[in-house]
Amino acid sequence: MAERLEPNPNRASAENSELVMQSLEVDQLSAARAQHYPRRQLKRSEAFLFWGLRIYLLFMVGVVVYQVWTTTR
Amino acid sequence: MAKPLVPEQDAVRPAPPLARVPGPEITHEDIDRARDRKRVSLARVKKGSFANLRLLWLLIGPGILVMLGENDGPSMLSYAATGARYGIGFFIPFIILTFAMALVVQEMTVRLGAVTHRGHAELIFDRFGPFWGRFSMIDLMIGNFLTLITEFIAIRAGLGFFGVPPWIAVLGTLAVLCVALTTHRYWTWERITLAAAMFNLIFVPVALLAHPRWDLIGHAVVSWKPFPGGPKQDALLILLADIGATVTPWMLFFQQSATADKGLTTRDIKFGRIDTALGALLASTAAVATVVATAPLFTHHMSAANFEAAQFAQALQPFIGHAGAALFALGIFEAGMVACITISISSAYAFGEVARRPHSLNLPMSQGKAFYSVLLLEAAAASGLVLIPGLPLVFVVLVVNVIAVLAMPPALIFLYMLVNDREIMGDQASSRWANALAAIVVLVLVGAGILYGISVVSPNLFALIGGK
């Protein structure tokens, strides 16, 4: 089947527009990326988990800094 | 399916529109993606085995690339060290199990990418706030940069076996990276990289040249024996290294972003799973082949504790011949090169998603300057560092491991929470059984990562945990 699939992407045309609107879901469009998901409301347990992660990260950053310092000394 | 998209002030700046026609603005990126999706639609309406194979061919890519990409230079050396140290036994089925765990984790990224059409970093930023979004991006980029250094070291070592000067090895790899990008087309880039990634299976003929005992391999797969002898601490360390060689943070970011960039939708999730399973199968085959290939070093009691890529190839030469050794060295080069391509692109995706810049391999250079700059600059800087004489390799590897440990728990927890987020996933959120499986895998991986981190930063404490 010799269906035309290769319109020139550099050409502004109704043909390209039709191809895009037929083939992509609306939120796949570049323009749709201007919209974002809203921030999630964390439950108490999730907020607790996130604080745990922050403490873990602080600890690990300290470990990395210590390791770099002792190795380069 | 609920998809509460809301506009934001710091929204991504879309690339300039091309088509001034009524309706949403259409960009070059949209047109390229639409061309790929049109092919999928045409293949989908046809019936028969050939049509299904054609559909599979069109939809595979991110899963195979992520799995073979993770079979990178350091990972292949980790598998080689496993074979040389413990031979054929427990570690053969264990490596297969680690790829099964990777499959569970990566399947979640396929669903997230196909349902939301957003990358991992972007979803973390949106759903959990700018702090975690920026942290994920920065941590990923630092970890990826240091990993890239180790990939270029593998490239240099692999080609060094053939007497290729380091600067030619490094520049050649950068040239391949640039060539794959010059098409400015996701589809072409994916096919070029897939072709390169398939060379990871070069370790299979190397294993065959080692004349393995198939009965021993079969026995090991079924019985998980013989169990590694020697100090338990050493065995635990190599076990953790093999887990670390299979699941790493960049994989989550890469596959979700590539799934979105490829344009997969909820209808394609089944094929996304097949793609990922196929990738796990190919990558585990290459990993097991590497263990089998270096098993003669174990049989002949040769110490390979501090071997690097070229040294493995040289040590194997008496057992597998010069051709086998050359294939092994070529395999290490290939592993590093493919990982360079996939890892640098995962950084560029994450940067674009968090910095709200256009981020797609379908972007022309003029519209994706930030995306391509991050990608090329990161790879170029890492390659430049490798050419510095006296680079403290051990130190770089140590920091890479610690950074990976730092990044893995948050990345896995975010992944688990996002894939269960019914507000964005709707009916594609994980089922109870999928959740139970994923929770076990996440806990094992987080625990293994932390243990590995302890082994790196505090060997004495690790000795207490691992036993003598």
# chains A, B, ... in the order shown; residues from 1 in each chain; ligands from 1
>>> interface_residues(of="chain A", to="chain B", cutoff="7 Å", atoms="only C-alpha atoms", output="NGL selection string")
:A and (5-6 or 9-10 or 12-14 or 16-17 or 19-20 or 23-24 or 28-31 or 33-40 or 53 or 57 or 60 or 64 or 67)
>>> write_last_selection(atoms="C-alpha atoms", output="PDB file, in the first residue's frame")
ATOM      1  CA  LEU A   5       3.334   8.840   5.487  1.00  0.00           C
ATOM      2  CA  GLU A   6       6.137  11.246   4.959  1.00  0.00           C
ATOM      3  CA  PRO A   9       7.759  18.200   8.714  1.00  0.00           C
ATOM      4  CA  ASN A  10       9.237  21.584   7.933  1.00  0.00           C
ATOM      5  CA  ALA A  12       3.434  24.380   7.626  1.00  0.00           C
ATOM      6  CA  SER A  13       0.336  22.862   6.173  1.00  0.00           C
ATOM      7  CA  ALA A  14      -3.154  21.693   6.890  1.00  0.00           C
ATOM      8  CA  ASN A  16       0.506  18.056   8.631  1.00  0.00           C
ATOM      9  CA  SER A  17      -2.032  19.392  11.072  1.00  0.00           C
ATOM     10  CA  LEU A  19      -1.943  13.989  10.380  1.00  0.00           C
ATOM     11  CA  VAL A  20      -1.071  15.145  13.893  1.00  0.00           C
ATOM     12  CA  SER A  23      -2.479  10.246  15.059  1.00  0.00           C
ATOM     13  CA  LEU A  24      -1.771  11.775  18.464  1.00  0.00           C
ATOM     14  CA  GLN A  28       0.721  14.099  23.496  1.00  0.00           C
ATOM     15  CA  LEU A  29       0.943  17.441  21.700  1.00  0.00           C
ATOM     16  CA  SER A  30       3.830  19.761  22.531  1.00  0.00           C
ATOM     17  CA  ALA A  31       1.317  22.483  23.288  1.00  0.00           C
ATOM     18  CA  ARG A  33       2.918  20.268  27.906  1.00  0.00           C
ATOM     19  CA  ALA A  34       2.063  23.799  28.930  1.00  0.00           C
ATOM     20  CA  GLN A  35      -0.354  22.146  31.296  1.00  0.00           C
ATOM     21  CA  HIS A  36       0.813  20.181  34.292  1.00  0.00           C
ATOM     22  CA  TYR A  37      -0.568  17.820  36.856  1.00  0.00           C
ATOM     23  CA  PRO A  38      -1.446  19.519  40.127  1.00  0.00           C
ATOM     24  CA  ARG A  39       0.632  18.861  43.207  1.00  0.00           C
ATOM     25  CA  ARG A  40      -0.479  15.807  45.147  1.00  0.00           C
ATOM     26  CA  LEU A  53      13.729  10.569  52.938  1.00  0.00           C
ATOM     27  CA  LEU A  57      19.482  12.307  52.136  1.00  0.00           C
ATOM     28  CA  MET A  60      24.037  10.357  52.858  1.00  0.00           C
ATOM     29  CA  VAL A  64      29.635  11.527  50.565  1.00  0.00           C
ATOM     30  CA  GLN A  67      34.273  10.191  51.956  1.00  0.00           C
TER      31      GLN A  67
END
>>> residues_around(residues="Trp57 of chain B", least_positions_apart="4", cutoff="12 Å", atoms="only C-alpha atoms", output="PyMOL selection string")
chain B and resi 36+39-40+43-44+50-53+61-62+64+187+190-191+194+271-272+274-275+278
>>> residues_around(residues="segment 197-201 of chain B", least_positions_apart="3", cutoff="6 Å", atoms="only C-alpha atoms", output="ChimeraX atom specification")
/B:193-194,204,286,338
>>> atom_distance(atom1="atom CA of Leu361 of chain B", atom2="atom CA of Gly133 of chain B")
21.6 Å
>>> atom_distance(atom1="atom CA of Phe59 of chain A", atom2="atom CA of Leu237 of chain B")
22.2 Å
>>> closest_atom_pairs(of="segment 347-445 of chain B", to="segment 143-160 of chain B", cutoff="7 Å", atoms="only C-alpha atoms", output="CSV")
residue,atom,partner,partner_atom,distance
B:Ser347,CA,B:Asn144,CA,6.9
B:Glu378,CA,B:Phe145,CA,6.3
B:Ala379,CA,B:Leu148,CA,6.8
B:Ala382,CA,B:Ile149,CA,4.9
B:Ser383,CA,B:Phe152,CA,6.0
B:Val386,CA,B:Ile149,CA,6.3
B:Val396,CA,B:Leu146,CA,6.7
B:Val400,CA,B:Leu146,CA,5.8
B:Ile403,CA,B:Gly143,CA,5.7
B:Ala404,CA,B:Gly143,CA,6.4
>>> closest_residue(among="B:Ala329, B:Ala313, B:Ala289, B:Leu464", to="Leu451 of chain B", atoms="only C-alpha atoms")
B:Leu464
>>> residues_around(residues="Ile88 of chain B", least_positions_apart="5", cutoff="7 Å", atoms="only C-alpha atoms", output="list in words")
Gly83, Ile217, Ala220, Val292 and Ala295 of chain B
>>> residues_around(residues="Asp427 of chain B", least_positions_apart="2", cutoff="12 Å", atoms="only C-alpha atoms", output="number ranges by chain")
B: 1-3, 111-112, 115, 266, 419-425, 429-431
>>> select_by_dssp(residues="segment 152-389 of chain B", states="helix (DSSP H, G or I)", output="MDAnalysis selection string")
chainID B and resid 152:160 166:182 186:209 214:223 232:244 249:262 266:299 309:355 369:386
>>> atom_distance(atom1="atom CA of Met76 of chain B", atom2="atom CA of Ala196 of chain B")
15.9 Å
>>> closest_residue(among="B:Leu103, B:Leu282, B:Ile138, B:Leu97", to="Ala355 of chain B", atoms="only C-alpha atoms")
B:Ile138
